[in-house]
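Below is one structure; the comments refer to it alone.
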Amino acid sequence: MEHVLVTGGAGYIGAHACKALKAAGYVPVAFDNLSTGWRDAVKFGPLHEGNLLDRASLDAAFAAYKPVAVMHFAALSLVGESMKDPGKYWRENVTGAANLADAAVAAGCLDFVFSSTCATYGDQDGVVLDEDTAQLPINAYGSSKLAIEQLLADFEAAHGLRSVIFRYFNVAGSDPEAEVGEQHVPETHLIPLMLDAIAGKRDALTIYGTDYNTPDGTCVRDYVHVSDLVDAHVKGLKWLKDGKASRVFCLGSGDGFSVREVVEASRAVTNRPVPVVEGGRRAGDAAVLVSGSRRAVEELGWEPKRSDISTMIADAWRWHQSEPYER
């Protein structure tokens with residue numbers, strides 16, 4: 001069976017991608033330094049402990065498994081932290097990606113699926129973002145991801161490294177069987193923070209900013225179910241294996257939900273109150289970020305099956321009530 005190297009394969013999205021790759025007939029190799037990932041999440045193929053800043057560990061993984069493709073999820077992704085320490089984000093994300101691309105080219109592994117972000121677009125209110133929207137990032141996280149997209153174009157021109165790039169916003173939910181799920185230390189994502197508050201694991205959910213130019217004053221974001229997201233990544237891999245040209249795809253619902261709307265949906269799904277406190281805005285947060293996915297639907301044949309807000313919260317809640325990962 002053919003191997004696929006999955007960077008960040010012990011993380012939330014990476015672990016789901018490994019499950020989807022196994023179902024598609026591949027052997028996923030989780031390449032992870034376990035700084036934020038979880039050993040317990042590696043259930044669908046081998047774990048290769050390594051660091052993207054250590055070229056030797058990358059070369060060892062390519063030599064050991066001879067992967068036919070790379071799925072690159074590993075990245076630092078905290079917007080606020082990126083504003084305070086941009087050097088860390090450029091070093092970890094951009095240098096790490098350059099090392100990975102170099103190692104892939106050296107190994108003759110020329111199919112690359114990259115998990116980018118719609119944060120590359122910056123704050124463009126009132127626009128449904130698509131693949132042709134101008135990219136104007138407003139934080140170092142988005143800037144680092146945009147740099148990687150440009151890096152991949154350069155590697156294709158020089159070395160023939162073809163890529164499929166996915167841009168998307170918030171990811172939520174868990175696989176329906178709740179085999180893997182979302183757990184971060186510290187936790188920063190809205191839905192798991194909210195479910196922690198509902199379950200009594202924290203005092204309350206803090207809403208950061210209630211004075212945005214939105215209908216209820218809170219930020220509006222697009223959401224996609226993690227199972228739908230990784231299904232698109234597997235379809236992106238097939239796109240490359242079919243010999244098609246490098247392509248960018250946005251993944252989103254085309255509709256956004258405000259923080260308050262997500263809170264109300266969670267109250268309805270769990271039938272429990274959601275303790276909430278209001279805080280100030282966070283640096284680097286845009287007011288409204290919504291993405292379309294017309295190209296992915298039409299060209300990849302992508303069909304988001306679980307990306308309604310109630311299903312995402314219900315699946316996340318099911319995982320949240322299970323035993324958490326342990327170091």
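Just so we're on the same page: first chain in the structure tokens is A, next is B, and so on; residues restart at 1 for each chain, and ligands are numbered from 1 in the order they show up.
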
Exercise for review: Please identify all polymer residues within 6 Å of range 269-283 of chain A, counting only C-alpha atoms, omitting same-chain residues fewer than 6 positions from it, and present them as number ranges by chain.
Suggested key: A: 198, 204-209

Set out as JSON lines a contact list for range 153-254 of chain A and range 8-29 of chain A with a cut-off of 6 Å, giving each residue of range 153-254 of chain A that qualifies its closest atom pair and distance in Å to one decimal, counting only C-alpha atoms, ordered by chain and rising residue number.
```
{"residue": "A:Gly181", "atom": "CA", "partner": "A:Tyr12", "partner_atom": "CA", "distance": 5.9}
{"residue": "A:Glu182", "atom": "CA", "partner": "A:Tyr12", "partner_atom": "CA", "distance": 5.1}
{"residue": "A:Val230", "atom": "CA", "partner": "A:Ala17", "partner_atom": "CA", "distance": 5.1}
```

Can those selected residues be exported to a file as an mmCIF file, in the first residue's frame so that it contains N, CA and C atoms?
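Final file, again-v6.cif:
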```cif
data_model
loop_
_atom_site.group_PDB
_atom_site.id
_atom_site.type_symbol
_atom_site.label_atom_id
_atom_site.label_comp_id
_atom_site.auth_asym_id
_atom_site.auth_seq_id
_atom_site.Cartn_x
_atom_site.Cartn_y
_atom_site.Cartn_z
ATOM 1 N N GLY A 181 -10.579 13.655 18.183
ATOM 2 C CA GLY A 181 -11.320 14.884 18.383
ATOM 3 C C GLY A 181 -10.415 16.068 18.604
ATOM 4 N N GLU A 182 -11.021 17.175 18.997
ATOM 5 C CA GLU A 182 -10.304 18.436 19.132
ATOM 6 C C GLU A 182 -9.921 18.675 20.580
ATOM 7 N N VAL A 230 -11.451 17.052 5.674
ATOM 8 C CA VAL A 230 -10.420 16.077 5.275
ATOM 9 C C VAL A 230 -10.859 15.271 4.060
#
```

Practice item. Could you please write out, as a VMD selection string, every residue of range 87-193 of chain A that DSSP assigns to alpha helix (DSSP H)? Key: chain A and resid 87 to 89 96 to 106 140 to 159 190 to 193

Practice item. Could you give me, as a ChimeraX atom specification, each residue of range 84-301 of chain A that DSSP assigns to strand (DSSP E) when run on this structure's backbone? Key: /A:111-115,128-129,162-168,170-172,205-208,220-221,223-225,247-251,257-258,276-279,288-291

Residue subset to file, keeping C-alpha atoms, as a JSON list (two decimals), in the first residue's frame:
```json
[["chain", "number", "residue", "atom", "x", "y", "z"],
["A", 111, "ASP", "CA", 2.49, 15.77, -4.97],
["A", 112, "PHE", "CA", 1.79, 18.19, -2.12],
["A", 113, "VAL", "CA", -1.56, 18.97, -0.46],
["A", 114, "PHE", "CA", -1.32, 22.09, 1.69],
["A", 115, "SER", "CA", -3.68, 23.16, 4.44],
["A", 128, "VAL", "CA", -17.84, 36.02, 0.21],
["A", 129, "LEU", "CA", -14.19, 35.14, -0.27],
["A", 162, "ARG", "CA", 2.60, 20.23, -7.84],
["A", 163, "SER", "CA", 0.22, 21.30, -5.12],
["A", 164, "VAL", "CA", -3.41, 21.55, -4.14],
["A", 165, "ILE", "CA", -3.98, 24.33, -1.63],
["A", 166, "PHE", "CA", -7.03, 24.57, 0.60],
["A", 167, "ARG", "CA", -8.10, 27.81, 2.28],
["A", 168, "TYR", "CA", -10.70, 27.60, 5.02],
["A", 170, "ASN", "CA", -12.98, 27.50, 11.52],
["A", 171, "VAL", "CA", -13.06, 23.72, 11.71],
["A", 172, "ALA", "CA", -15.39, 21.96, 14.12],
["A", 205, "LEU", "CA", -16.83, 31.26, 27.76],
["A", 206, "THR", "CA", -15.31, 34.68, 27.07],
["A", 207, "ILE", "CA", -16.67, 36.50, 24.03],
["A", 208, "TYR", "CA", -13.84, 38.64, 22.71],
["A", 220, "VAL", "CA", -18.87, 36.28, 12.25],
["A", 221, "ARG", "CA", -17.03, 33.22, 11.02],
["A", 223, "TYR", "CA", -17.38, 26.84, 9.84],
["A", 224, "VAL", "CA", -16.69, 23.52, 8.16],
["A", 225, "HIS", "CA", -16.98, 20.05, 9.68],
["A", 247, "ARG", "CA", -5.03, 24.36, -7.95],
["A", 248, "VAL", "CA", -6.36, 26.44, -5.04],
["A", 249, "PHE", "CA", -9.72, 25.66, -3.43],
["A", 250, "CYS", "CA", -11.66, 27.51, -0.76],
["A", 251, "LEU", "CA", -13.76, 25.44, 1.62],
["A", 257, "PHE", "CA", -22.31, 32.45, 12.22],
["A", 258, "SER", "CA", -21.68, 35.05, 14.89],
["A", 276, "VAL", "CA", -20.71, 33.59, 29.07],
["A", 277, "VAL", "CA", -18.68, 36.68, 30.00],
["A", 278, "GLU", "CA", -17.85, 39.55, 27.67],
["A", 279, "GLY", "CA", -14.29, 40.73, 27.01],
["A", 288, "VAL", "CA", -16.55, 39.01, 9.23],
["A", 289, "LEU", "CA", -14.80, 36.16, 7.43],
["A", 290, "VAL", "CA", -16.93, 34.00, 5.14],
["A", 291, "SER", "CA", -15.80, 31.75, 2.31]]
```

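Going from CA of Asn93 in chain A over to CA of Glu81 in chain A, you cover 13.3 Å.
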
Exercise for review: For Pro46 in chain A, work out the shell of residues within 8 Å, counting only C-alpha atoms and skipping chain neighbours fewer than 2 positions away, then give it as JSON, numbers by chain.
Suggested key: {"A": [28, 29, 30, 42, 43, 44, 48]}

Review point. What does the distance from CA of Gln135 in chain A to CA of Thr120 in chain A come to in Å, to one decimal?
Key: 5.4 Å

Practice item. Would you mind listing what lies within 8 Å of Leu110 in chain A as an NGL selection string, with only C-alpha atoms counted and same-chain residues fewer than 6 positions away left out? Key: :A and (68-69 or 104 or 160-162)

Could those selected residues go to a file with C-alpha atoms, as a PDB file, in the first residue's frame?
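Okay, again_33.pdb is ready:
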```pdb
ATOM      1  CA  VAL A  68       3.825   9.124  -2.724  1.00  0.00           C
ATOM      2  CA  ALA A  69       2.497  12.454  -1.451  1.00  0.00           C
ATOM      3  CA  ALA A 104      10.039  16.126  -0.716  1.00  0.00           C
ATOM      4  CA  GLY A 160       7.879  20.385 -10.638  1.00  0.00           C
ATOM      5  CA  LEU A 161       6.356  20.111  -7.157  1.00  0.00           C
ATOM      6  CA  ARG A 162       2.600  20.231  -7.840  1.00  0.00           C
TER       7      ARG A 162
END
```

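Here CA of Leu52 in chain A stands at a distance of 4.6 Å from CA of Gly96 in chain A.
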